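Shown next: entry15.cif, containing mmCIF, C-alpha atoms.
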data_run
loop_
_atom_site.label_atom_id
_atom_site.label_comp_id
_atom_site.auth_asym_id
_atom_site.auth_seq_id
_atom_site.Cartn_x
_atom_site.Cartn_y
_atom_site.Cartn_z
CA MET A 13 -7.91 -13.62 29.21
CA ARG A 14 -7.18 -10.19 30.71
CA ARG A 15 -9.88 -7.63 30.09
CA LEU A 16 -10.00 -3.91 30.75
CA PRO A 17 -11.90 -2.61 33.79
CA PRO A 18 -15.11 -0.61 33.16
CA LEU A 19 -14.29 2.59 31.29
CA PRO A 20 -16.18 5.54 29.80
CA THR A 21 -17.56 4.81 26.33
CA ILE A 22 -15.64 6.06 23.30
CA GLN A 23 -18.35 8.68 22.77
CA GLU A 24 -17.83 9.86 26.36
CA ILE A 25 -14.03 9.89 25.90
CA ILE A 26 -14.45 12.07 22.82
CA ARG A 27 -16.67 14.45 24.77
CA ILE A 28 -14.46 14.51 27.90
CA TYR A 29 -11.32 15.39 25.96
CA GLY A 30 -13.02 17.61 23.37
CA LEU A 31 -11.85 15.47 20.46
CA SER A 32 -12.98 15.79 16.85
CA ALA A 33 -11.93 14.28 13.53
CA ARG A 34 -9.68 16.42 11.35
CA LYS A 35 -10.51 16.36 7.67
CA LYS A 36 -6.95 17.23 6.61
CA LEU A 37 -5.73 14.06 8.33
CA SER A 38 -8.54 11.93 6.80
CA GLN A 39 -9.71 10.94 10.29
CA ASN A 40 -12.87 8.86 10.73
CA PHE A 41 -13.66 7.31 14.11
CA LEU A 42 -15.15 3.83 14.45
CA LEU A 43 -17.24 3.90 17.63
CA ASP A 44 -19.17 0.63 17.36
CA LEU A 45 -17.29 -1.83 19.60
CA ASN A 46 -18.99 -4.77 17.88
CA LEU A 47 -17.26 -3.71 14.64
CA THR A 48 -13.91 -3.01 16.31
CA GLN A 49 -14.08 -6.47 17.88
CA LYS A 50 -14.89 -7.97 14.47
CA ILE A 51 -11.78 -6.34 12.96
CA VAL A 52 -9.59 -7.79 15.72
CA LYS A 53 -11.23 -11.23 15.43
CA ASN A 54 -10.46 -11.29 11.70
CA ALA A 55 -6.80 -10.58 12.47
CA GLY A 56 -6.68 -14.03 14.11
CA ASN A 57 -5.97 -15.00 17.69
CA VAL A 58 -4.00 -12.08 19.17
CA GLU A 59 -4.03 -13.46 22.72
CA GLY A 60 -0.50 -13.31 24.11
CA GLN A 61 0.76 -11.50 21.00
CA MET A 62 2.47 -8.19 20.36
CA VAL A 63 0.20 -5.92 18.31
CA PHE A 64 1.08 -2.72 16.50
CA GLU A 65 -1.99 -0.55 16.02
CA VAL A 66 -1.77 2.20 13.41
CA GLY A 67 -3.95 5.27 13.88
CA PRO A 68 -5.80 4.41 17.11
CA GLY A 69 -7.49 7.82 17.40
CA PRO A 70 -9.65 7.85 20.56
CA GLY A 71 -8.99 4.13 21.09
CA GLY A 72 -11.96 2.11 19.82
CA ILE A 73 -9.98 -0.69 18.15
CA THR A 74 -7.34 -0.38 20.89
CA ARG A 75 -9.89 -1.49 23.50
CA SER A 76 -10.85 -4.51 21.42
CA ILE A 77 -7.20 -5.52 20.97
CA LEU A 78 -6.58 -5.27 24.71
CA ASN A 79 -9.80 -7.11 25.55
CA SER A 80 -8.73 -9.90 23.15
CA GLY A 81 -5.76 -10.62 25.39
CA ALA A 82 -2.85 -9.04 23.53
CA GLU A 83 0.30 -9.18 25.65
CA LYS A 84 1.69 -5.88 24.35
CA VAL A 85 0.10 -3.16 22.23
CA ILE A 86 2.11 -0.38 20.58
CA ALA A 87 -0.35 2.29 19.41
CA ILE A 88 1.18 4.66 16.86
CA GLU A 89 -0.69 7.93 16.50
CA LYS A 90 0.37 10.98 14.51
CA ASP A 91 -2.11 13.37 16.17
CA GLY A 92 -0.94 14.32 19.67
CA ARG A 93 -4.47 15.40 20.66
CA PHE A 94 -5.30 11.74 21.34
CA LEU A 95 -2.49 11.19 23.84
CA SER A 96 -4.65 11.90 26.91
CA SER A 97 -7.48 9.57 25.86
CA LEU A 98 -5.03 6.79 24.95
CA GLN A 99 -3.19 7.31 28.24
CA THR A 100 -6.46 6.53 30.03
CA LEU A 101 -6.45 3.15 28.27
CA SER A 102 -2.77 2.66 29.01
CA ASP A 103 -3.32 3.24 32.74
CA ALA A 104 -6.23 0.76 32.73
CA SER A 105 -4.22 -1.90 30.85
CA ASN A 106 -1.61 -2.44 33.57
CA GLY A 107 1.22 -1.51 31.24
CA ARG A 108 0.13 -3.57 28.24
CA LEU A 109 -0.40 -0.44 26.09
CA ASN A 110 2.39 1.91 25.00
CA VAL A 111 1.52 5.01 22.98
CA VAL A 112 3.97 6.36 20.39
CA ILE A 113 3.25 9.80 18.95
CA GLY A 114 4.80 9.81 15.48
CA ASP A 115 4.31 9.28 11.76
CA ILE A 116 4.07 5.58 10.84
CA MET A 117 5.74 6.38 7.51
CA ASP A 118 8.93 7.30 9.38
CA LEU A 119 9.05 4.50 11.97
CA ASN A 120 10.97 1.24 11.93
CA LEU A 121 8.72 -1.04 13.98
CA HIS A 122 11.53 -3.56 14.42
CA HIS A 123 13.02 -1.30 17.10
CA TYR A 124 10.03 -2.05 19.38
CA VAL A 125 10.18 -5.86 19.04
CA PRO A 126 12.02 -7.95 21.66
CA GLU A 127 14.47 -10.43 20.20
CA HIS A 128 12.56 -13.48 21.46
CA CYS A 129 9.70 -12.65 19.05
CA ASN A 130 11.85 -13.27 15.94
CA THR A 131 11.00 -16.31 13.83
CA SER A 132 12.26 -17.90 10.62
CA TRP A 133 10.73 -16.58 7.41
CA ASP A 134 10.04 -20.15 6.31
CA GLY A 135 8.19 -20.95 9.54
CA SER A 136 4.86 -19.79 10.93
CA PRO A 137 4.25 -16.04 11.35
CA PRO A 138 5.63 -14.64 14.61
CA ASP A 139 3.46 -13.64 17.56
CA ILE A 140 3.26 -10.13 16.12
CA ASN A 141 0.35 -8.49 14.36
CA ILE A 142 -0.35 -5.16 12.69
CA ILE A 143 -3.90 -3.82 12.89
CA GLY A 144 -5.12 -0.41 11.78
CA ASN A 145 -7.98 1.80 10.71
CA LEU A 146 -5.93 3.70 8.16
CA PRO A 147 -6.72 7.25 7.05
CA PHE A 148 -7.62 7.14 3.34
CA SER A 149 -4.88 9.66 2.49
CA VAL A 150 -2.05 7.45 3.79
CA SER A 151 -3.34 3.93 3.11
CA THR A 152 -1.96 3.38 -0.43
CA PRO A 153 1.50 4.97 0.01
CA LEU A 154 1.86 3.16 3.35
CA ILE A 155 1.00 -0.28 1.98
CA ILE A 156 3.39 0.25 -0.96
CA GLN A 157 6.16 1.18 1.48
CA TRP A 158 5.39 -1.89 3.61
CA LEU A 159 5.31 -4.16 0.56
CA CYS A 160 8.80 -2.92 -0.30
CA ASN A 161 9.84 -3.77 3.29
CA ILE A 162 8.29 -7.23 2.94
CA SER A 163 10.24 -7.81 -0.28
CA THR A 164 13.52 -7.03 1.49
CA ARG A 165 12.46 -8.53 4.85
CA SER A 166 13.19 -5.22 6.56
CA ASN A 167 11.37 -3.09 9.14
CA VAL A 168 9.24 -5.40 11.32
CA TRP A 169 9.45 -8.13 8.65
CA ASN A 170 13.02 -8.65 9.80
CA CYS A 171 11.26 -10.64 12.56
CA GLY A 172 9.37 -12.95 10.18
CA ARG A 173 6.17 -12.97 8.14
CA VAL A 174 4.20 -10.48 10.25
CA PRO A 175 0.53 -10.35 9.09
CA LEU A 176 -1.55 -7.18 8.69
CA THR A 177 -5.27 -6.50 9.07
CA LEU A 178 -6.08 -3.05 7.73
CA THR A 179 -9.00 -0.91 6.64
CA PHE A 180 -9.06 0.69 3.21
CA GLN A 181 -11.53 2.65 1.16
CA LYS A 182 -13.67 -0.14 -0.31
CA GLU A 183 -12.49 0.48 -3.88
CA VAL A 184 -8.85 0.26 -2.78
CA ALA A 185 -9.61 -2.97 -0.89
CA GLU A 186 -11.20 -4.42 -4.03
CA ARG A 187 -8.12 -3.44 -6.05
CA ILE A 188 -5.81 -5.19 -3.60
CA VAL A 189 -7.66 -8.52 -3.98
CA ALA A 190 -8.79 -8.17 -7.62
CA PRO A 191 -8.24 -11.29 -9.79
CA PRO A 192 -7.37 -11.22 -13.54
CA ARG A 193 -10.11 -9.71 -15.74
CA SER A 194 -11.65 -7.84 -12.80
CA GLU A 195 -12.51 -4.20 -13.41
CA TYR A 196 -10.45 -3.42 -10.29
CA ARG A 197 -7.28 -5.22 -11.49
CA CYS A 198 -4.42 -2.72 -11.30
CA ARG A 199 -0.78 -2.22 -10.34
CA LEU A 200 -1.66 -2.43 -6.63
CA SER A 201 -3.29 -5.85 -7.21
CA ILE A 202 -0.05 -7.27 -8.62
CA MET A 203 2.28 -5.65 -6.08
CA CYS A 204 0.22 -7.06 -3.19
CA GLN A 205 -0.52 -10.49 -4.64
CA TYR A 206 2.97 -11.43 -5.81
CA LEU A 207 4.31 -10.91 -2.28
CA CYS A 208 1.34 -11.75 -0.06
CA ASP A 209 -1.83 -13.75 0.38
CA VAL A 210 -4.65 -11.21 0.52
CA LYS A 211 -8.29 -11.55 1.47
CA LEU A 212 -11.14 -9.07 1.77
CA LYS A 213 -12.64 -10.15 5.10
CA PHE A 214 -15.73 -7.92 5.29
CA THR A 215 -17.09 -4.48 4.46
CA ILE A 216 -18.09 -1.74 6.91
CA PRO A 217 -20.73 0.78 5.80
CA GLY A 218 -19.49 4.36 5.78
CA LYS A 219 -22.30 5.41 8.11
CA ALA A 220 -20.64 3.39 10.91
CA PHE A 221 -17.85 6.00 11.10
CA VAL A 222 -17.85 9.49 12.60
CA PRO A 223 -17.82 11.60 10.53
CA ALA A 224 -19.31 9.27 7.93
CA PRO A 225 -17.22 9.10 4.72
CA LYS A 226 -19.02 9.01 1.39
CA VAL A 227 -17.69 5.51 0.71
CA ASP A 228 -17.76 2.15 2.46
CA VAL A 229 -14.66 0.59 4.00
CA GLY A 230 -13.10 -2.83 3.35
CA VAL A 231 -11.12 -4.81 5.94
CA VAL A 232 -8.24 -6.72 4.29
CA LYS A 233 -6.04 -9.43 5.82
CA ILE A 234 -2.53 -9.52 4.32
CA VAL A 235 -0.05 -12.32 5.06
CA PRO A 236 3.43 -12.33 3.45
CA LYS A 237 4.17 -15.40 1.32
CA LYS A 238 7.09 -17.64 2.17
CA ILE A 239 8.25 -17.39 -1.44
CA PRO A 240 7.27 -14.42 -3.65
CA LEU A 241 5.68 -15.28 -6.99
CA ILE A 242 8.12 -13.00 -8.86
CA HIS A 243 11.83 -13.32 -8.11
CA GLN A 244 12.96 -9.84 -9.08
CA THR A 245 13.67 -6.66 -7.12
CA PHE A 246 10.67 -4.70 -5.90
CA SER A 247 11.71 -1.66 -7.95
CA LEU A 248 11.90 -3.70 -11.18
CA VAL A 249 8.49 -5.32 -10.61
CA GLU A 250 7.03 -1.92 -9.75
CA LYS A 251 8.47 -0.31 -12.89
CA VAL A 252 7.14 -2.99 -15.25
CA ASN A 253 3.70 -2.90 -13.62
CA ARG A 254 3.59 0.90 -13.54
CA HIS A 255 4.06 0.92 -17.29
CA LEU A 256 1.61 -1.92 -17.90
CA PHE A 257 -1.22 -0.45 -15.84
CA ASN A 258 -0.72 3.06 -17.13
CA MET A 259 -2.82 1.70 -20.02
CA PRO A 260 -4.68 -1.29 -18.48
CA ASN A 261 -7.20 -1.67 -21.33
CA LYS A 262 -4.74 -1.29 -24.21
CA TYR A 263 -2.70 -4.08 -25.77
CA CYS A 264 0.30 -4.64 -23.54
CA ARG A 265 2.70 -4.05 -26.47
CA LYS A 266 1.89 -0.34 -26.31
CA ALA A 267 2.80 -0.21 -22.62
CA ILE A 268 5.94 -2.32 -22.99
CA ARG A 269 7.14 -0.03 -25.79
CA MET A 270 7.45 2.74 -23.16
CA LEU A 271 10.16 0.75 -21.36
CA PHE A 272 12.57 1.16 -24.27
CA PRO A 273 13.99 3.96 -26.44
CA PRO A 274 12.00 4.50 -29.65
CA ASP A 275 14.81 3.09 -31.83
CA ARG A 276 14.95 -0.24 -29.93
CA GLU A 277 12.07 -2.15 -31.49
CA ASP A 278 14.34 -5.21 -31.34
CA LEU A 279 14.16 -5.22 -27.53
CA ILE A 280 10.37 -5.08 -27.54
CA CYS A 281 10.30 -8.13 -29.81
CA GLU A 282 12.87 -9.87 -27.62
CA MET A 283 10.83 -9.22 -24.49
CA PHE A 284 7.67 -10.79 -25.91
CA GLU A 285 9.55 -13.66 -27.51
CA ASN A 286 11.40 -14.55 -24.30
CA SER A 287 8.37 -14.10 -22.02
CA GLY A 288 5.94 -16.05 -24.17
CA VAL A 289 3.27 -13.41 -23.44
CA HIS A 290 1.06 -12.47 -26.37
CA GLU A 291 1.54 -8.82 -27.27
CA GLU A 292 -2.21 -8.29 -27.71
CA MET A 293 -3.07 -9.26 -24.15
CA ARG A 294 -4.43 -6.46 -22.01
CA PRO A 295 -2.74 -5.90 -18.62
CA PHE A 296 -5.91 -6.36 -16.56
CA GLU A 297 -6.32 -9.83 -18.11
CA MET A 298 -2.87 -11.04 -17.06
CA SER A 299 -2.10 -13.57 -14.35
CA ILE A 300 0.79 -13.12 -11.93
CA ASN A 301 2.71 -15.80 -13.87
CA GLU A 302 2.37 -13.86 -17.13
CA ILE A 303 3.56 -10.66 -15.47
CA LYS A 304 6.39 -12.67 -13.87
CA SER A 305 7.47 -13.76 -17.37
CA LEU A 306 7.54 -10.14 -18.54
CA CYS A 307 9.56 -9.07 -15.48
CA ASP A 308 12.04 -11.93 -16.02
CA ALA A 309 12.42 -11.05 -19.71
CA TYR A 310 12.99 -7.37 -18.86
CA SER A 311 15.56 -8.38 -16.23
CA ASP A 312 17.43 -10.47 -18.83
CA ILE A 313 17.55 -7.51 -21.20
CA ILE A 314 18.92 -5.05 -18.64
CA SER A 315 21.50 -7.62 -17.47
CA LYS A 316 22.99 -7.31 -20.98
CA GLU A 317 22.29 -3.59 -21.53
CA GLU A 318 22.29 -1.87 -18.13
CA GLU A 319 21.61 1.58 -19.57
CA ILE A 320 18.10 0.45 -20.56
CA LEU A 321 17.06 0.39 -16.88
CA ALA A 322 17.66 4.14 -16.62
CA TYR A 323 15.56 4.93 -19.70
CA ASP A 324 12.43 6.97 -18.89
CA HIS A 325 10.10 7.87 -21.74
CA ARG A 326 8.77 10.78 -19.67
CA ASP A 327 12.13 12.57 -19.92
CA ARG A 328 11.91 12.51 -23.70
CA ARG A 329 8.32 13.72 -23.59
CA SER A 330 9.22 16.49 -21.12
CA ALA A 331 12.05 17.63 -23.39
CA LYS A 332 9.65 17.74 -26.34
CA GLN A 333 7.18 19.78 -24.25
CA ARG A 334 9.94 22.18 -23.21
CA ARG A 335 10.96 22.65 -26.85
CA ARG A 336 7.32 23.19 -27.83
CA GLY A 337 6.90 25.73 -25.01
CA SER A 338 10.03 27.56 -26.10
CA THR A 339 8.71 27.72 -29.68
CA ILE A 340 5.39 29.16 -28.49
CA ILE A 341 7.14 31.83 -26.38
CA THR A 342 9.47 32.73 -29.28
CA SER A 343 6.52 33.03 -31.66
CA ALA A 344 4.68 35.27 -29.20
CA ILE A 345 7.72 37.58 -28.90
CA GLU A 346 8.03 37.72 -32.70
CA ARG A 347 4.36 38.70 -33.01
CA GLN A 348 4.85 41.45 -30.44
CA ILE A 349 7.88 42.78 -32.36
CA LEU A 350 5.97 42.62 -35.61
CA HIS A 351 3.16 44.72 -34.16
CA GLY A 352 5.52 47.15 -32.44
CA LYS A 353 4.66 46.02 -28.88
CA SER A 354 8.10 44.92 -27.71
#
structure tokens encoding of this file:
Amino acid sequence: MRRLPPLPTIQEIIRIYGLSARKKLSQNFLLDLNLTQKIVKNAGNVEGQMVFEVGPGPGGITRSILNSGAEKVIAIEKDGRFLSSLQTLSDASNGRLNVVIGDIMDLNLHHYVPEHCNTSWDGSPPDINIIGNLPFSVSTPLIIQWLCNISTRSNVWNCGRVPLTLTFQKEVAERIVAPPRSEYRCRLSIMCQYLCDVKLKFTIPGKAFVPAPKVDVGVVKIVPKKIPLIHQTFSLVEKVNRHLFNMPNKYCRKAIRMLFPPDREDLICEMFENSGVHEEMRPFEMSINEIKSLCDAYSDIISKEEEILAYDHRDRRSAKQRRRGSTIITSAIERQILHGKS
């Protein structure tokens, strides 16, 4: 296994290059190399693999990835201040580390993967891994975007079932893996679990980071499933779950009603009848199979009445609020006229 030559410690690198964490970018550095090595170990055997690292910062996890024998590491960092410190690692790695300064939300990782790394979706995961200590501010929108890519086998998942090992705020990590009836069961739980096998590997205390966040951090391993548990489009599954978990502790009938115009009680009845789901179940109690049945029933309805898919109860509510606001303004003007203040 190829290891890096002796280098300054991460603390020394931070001091040499005058680096500091920026609050507006939700940056928190992990300096303990025992913990960075533990993150990489929980990603699996990365020896000889291609690894994308998201948010390397001064390079703590990057060192552990390189020391674990990764063949190629693409470190994607939004903050250009870290380029010099990461270049030090790149020079020491004999070309195994490439640094890309850019926003991970805008990058198609497939462009960096050589063709020989591609594998069949039905086979074993390719020799590609994604590892990252994600800023709290980007972690949820990024994983949702990647789940959408997994559902369509796009971005780097065009190469096969690429696994991810990522850090999240502990509460977010617990939501990702939450089973039915858990207090953390939410829309994110369903969106992750219907597409992927997820596991909370371990927790890192907040005090291990610099600066120390007020919360602990969970490390989650995510591996795309060969066959998703719900066979509908990502947008349809997301829409049904968004409505369900808008009221997770209410009877699901109340949430499902929001999918349909107020004069279409017949469709609400049809959805429950066809899905076999009891209308007095609460969303957080539901299994993936029960939510699958609701998604399938909704899909059947919109296949017959396409206009239902475009219905958004918020538009109706917004219109009502606009009318109410107009009435209030009109009444205020009338009062002014009445009192001679116009």
With stretch 102-121 of chain A as the partner and 10 Å as the cut-off, tabulate the residues of stretch 23-68 of chain A that qualify, each row holding the nearest pair of atoms and their distance in Å to one decimal, using only C-alpha atoms, sorted by chain and rising number, as JSON lines.
{"residue": "A:Met62", "atom": "CA", "partner": "A:Arg108", "partner_atom": "CA", "distance": 9.4}
{"residue": "A:Val63", "atom": "CA", "partner": "A:Leu109", "partner_atom": "CA", "distance": 9.5}
{"residue": "A:Phe64", "atom": "CA", "partner": "A:Leu121", "partner_atom": "CA", "distance": 8.2}
{"residue": "A:Glu65", "atom": "CA", "partner": "A:Val111", "partner_atom": "CA", "distance": 9.6}
{"residue": "A:Val66", "atom": "CA", "partner": "A:Ile116", "partner_atom": "CA", "distance": 7.2}
{"residue": "A:Gly67", "atom": "CA", "partner": "A:Ile116", "partner_atom": "CA", "distance": 8.6}
{"residue": "A:Pro68", "atom": "CA", "partner": "A:Val111", "partner_atom": "CA", "distance": 9.4}
Hey, which of A:Arg193, A:Glu277, A:Glu297, A:Cys307 ends up closest to A:Gln244? Count only C-alpha atoms.
-> A:Cys307
Result set of the PyMOL selection byres ((chain A and resi 323) around 12) on the coordinates above, as an MDAnalysis selection string | chainID A and resid 251 269:274 276 314 317:322 324:328
Just the selected residues (C-alpha atoms), exported as a compact mmCIF listing (two decimals), in the coordinates of the input, please.
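Printed below is part_37.txt as written:
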# COMPACT_ATOMS: atom_id res chain seq x y z
CA LYS A 251 8.47 -0.31 -12.89
CA ARG A 269 7.14 -0.03 -25.79
CA MET A 270 7.45 2.74 -23.16
CA LEU A 271 10.16 0.75 -21.36
CA PHE A 272 12.57 1.16 -24.27
CA PRO A 273 13.99 3.96 -26.44
CA PRO A 274 12.00 4.50 -29.65
CA ARG A 276 14.95 -0.24 -29.93
CA ILE A 314 18.92 -5.05 -18.64
CA GLU A 317 22.29 -3.59 -21.53
CA GLU A 318 22.29 -1.87 -18.13
CA GLU A 319 21.61 1.58 -19.57
CA ILE A 320 18.10 0.45 -20.56
CA LEU A 321 17.06 0.39 -16.88
CA ALA A 322 17.66 4.14 -16.62
CA ASP A 324 12.43 6.97 -18.89
CA HIS A 325 10.10 7.87 -21.74
CA ARG A 326 8.77 10.78 -19.67
CA ASP A 327 12.13 12.57 -19.92
CA ARG A 328 11.91 12.51 -23.70
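Within the 9 Å cut-off around A:Asn253, using all atoms listed in the file and omitting residues fewer than 4 positions from it on the same chain, the listed residues are Cys198, Arg199, Leu200, Ile202, Met203, Leu248, Val249, Phe257, Asn258, Pro295, Ile303 and Cys307 of chain A.
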What is the distance, in Å and to one decimal place, between atom CA of A:Ala224 and atom CA of A:Phe148?
-> 12.7 Å
Report the residues retrieved by the PyMOL selection byres ((chain A and resi 282) around 12) from the displayed file, expressed as a PDB file with C-alpha atoms, in the frame of the given file.
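File produced: selection34.pdb:
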ATOM      1  CA  ARG A 265       2.700  -4.050 -26.470  1.00  0.00           C
ATOM      2  CA  ILE A 268       5.940  -2.320 -22.990  1.00  0.00           C
ATOM      3  CA  ARG A 269       7.140  -0.030 -25.790  1.00  0.00           C
ATOM      4  CA  PHE A 272      12.570   1.160 -24.270  1.00  0.00           C
ATOM      5  CA  ARG A 276      14.950  -0.240 -29.930  1.00  0.00           C
ATOM      6  CA  GLU A 277      12.070  -2.150 -31.490  1.00  0.00           C
ATOM      7  CA  ASP A 278      14.340  -5.210 -31.340  1.00  0.00           C
ATOM      8  CA  LEU A 279      14.160  -5.220 -27.530  1.00  0.00           C
ATOM      9  CA  ILE A 280      10.370  -5.080 -27.540  1.00  0.00           C
ATOM     10  CA  CYS A 281      10.300  -8.130 -29.810  1.00  0.00           C
ATOM     11  CA  MET A 283      10.830  -9.220 -24.490  1.00  0.00           C
ATOM     12  CA  PHE A 284       7.670 -10.790 -25.910  1.00  0.00           C
ATOM     13  CA  GLU A 285       9.550 -13.660 -27.510  1.00  0.00           C
ATOM     14  CA  ASN A 286      11.400 -14.550 -24.300  1.00  0.00           C
ATOM     15  CA  SER A 287       8.370 -14.100 -22.020  1.00  0.00           C
ATOM     16  CA  GLY A 288       5.940 -16.050 -24.170  1.00  0.00           C
ATOM     17  CA  VAL A 289       3.270 -13.410 -23.440  1.00  0.00           C
ATOM     18  CA  GLU A 291       1.540  -8.820 -27.270  1.00  0.00           C
ATOM     19  CA  LEU A 306       7.540 -10.140 -18.540  1.00  0.00           C
ATOM     20  CA  ASP A 308      12.040 -11.930 -16.020  1.00  0.00           C
ATOM     21  CA  ALA A 309      12.420 -11.050 -19.710  1.00  0.00           C
ATOM     22  CA  TYR A 310      12.990  -7.370 -18.860  1.00  0.00           C
ATOM     23  CA  SER A 311      15.560  -8.380 -16.230  1.00  0.00           C
ATOM     24  CA  ASP A 312      17.430 -10.470 -18.830  1.00  0.00           C
ATOM     25  CA  ILE A 313      17.550  -7.510 -21.200  1.00  0.00           C
ATOM     26  CA  ILE A 314      18.920  -5.050 -18.640  1.00  0.00           C
TER      27      ILE A 314
END
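As for atom CA of A:Ala185 and atom CA of A:Met259, they are spaced 20.8 Å apart.
Here, the PyMOL selection byres ((chain A and resi 175-177) around 6) matches Ala55, Asn141, Ile142, Ile143, Val174, Leu178, Val232, Lys233, Ile234 and Val235 of chain A.
Checking A:Leu101, A:Val184, A:Ile77, A:Ala220 one by one against A:Thr152, counting all atoms listed in the file, you find the shortest gap at A:Val184.
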Find the spatial neighbours of A:Lys262, counting all atoms listed in the file, within a cut-off of 9 Å - ignore same-chain residues fewer than 2 positions away - and output them as a list in words.
-> Leu256, Met259, Pro260, Cys264, Arg265, Lys266, Ala267, Glu292, Met293, Arg294 and Pro295 of chain A
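Each of A:Arg254, A:Lys53, A:Arg165, A:His243 was checked against A:Ser305 using only C-alpha atoms; the smallest atom-to-atom distance is that of A:His243.
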Distance of atom CA of A:Phe246 from atom CA of A:Asn170, expressed in Å to one decimal place = 16.4 Å
Residues of stretch 197-307 of chain A that have any atom at most 12 Å from an atom of stretch 30-44 of chain A: could you tabulate them with the shortest-distance atom pair and the distance in Å to one decimal, using all atoms listed in the file, ordered by chain and increasing number, as JSON lines?
{"residue": "A:Ile216", "atom": "CA", "partner": "A:Leu42", "partner_atom": "CA", "distance": 9.8}
{"residue": "A:Pro217", "atom": "CA", "partner": "A:Leu42", "partner_atom": "CA", "distance": 10.7}
{"residue": "A:Gly218", "atom": "CA", "partner": "A:Asn40", "partner_atom": "CA", "distance": 9.4}
{"residue": "A:Lys219", "atom": "CA", "partner": "A:Leu42", "partner_atom": "CA", "distance": 9.7}
{"residue": "A:Ala220", "atom": "CA", "partner": "A:Leu42", "partner_atom": "CA", "distance": 6.5}
{"residue": "A:Phe221", "atom": "CA", "partner": "A:Leu42", "partner_atom": "CA", "distance": 4.8}
{"residue": "A:Val222", "atom": "CA", "partner": "A:Phe41", "partner_atom": "CA", "distance": 5.0}
{"residue": "A:Pro223", "atom": "CA", "partner": "A:Asn40", "partner_atom": "CA", "distance": 5.7}
{"residue": "A:Ala224", "atom": "CA", "partner": "A:Asn40", "partner_atom": "CA", "distance": 7.0}
{"residue": "A:Pro225", "atom": "CA", "partner": "A:Asn40", "partner_atom": "CA", "distance": 7.4}
{"residue": "A:Lys226", "atom": "CA", "partner": "A:Asn40", "partner_atom": "CA", "distance": 11.2}
{"residue": "A:Val227", "atom": "CA", "partner": "A:Asn40", "partner_atom": "CA", "distance": 11.6}
{"residue": "A:Asp228", "atom": "CA", "partner": "A:Asn40", "partner_atom": "CA", "distance": 11.7}
{"residue": "A:Val229", "atom": "CA", "partner": "A:Asn40", "partner_atom": "CA", "distance": 10.8}
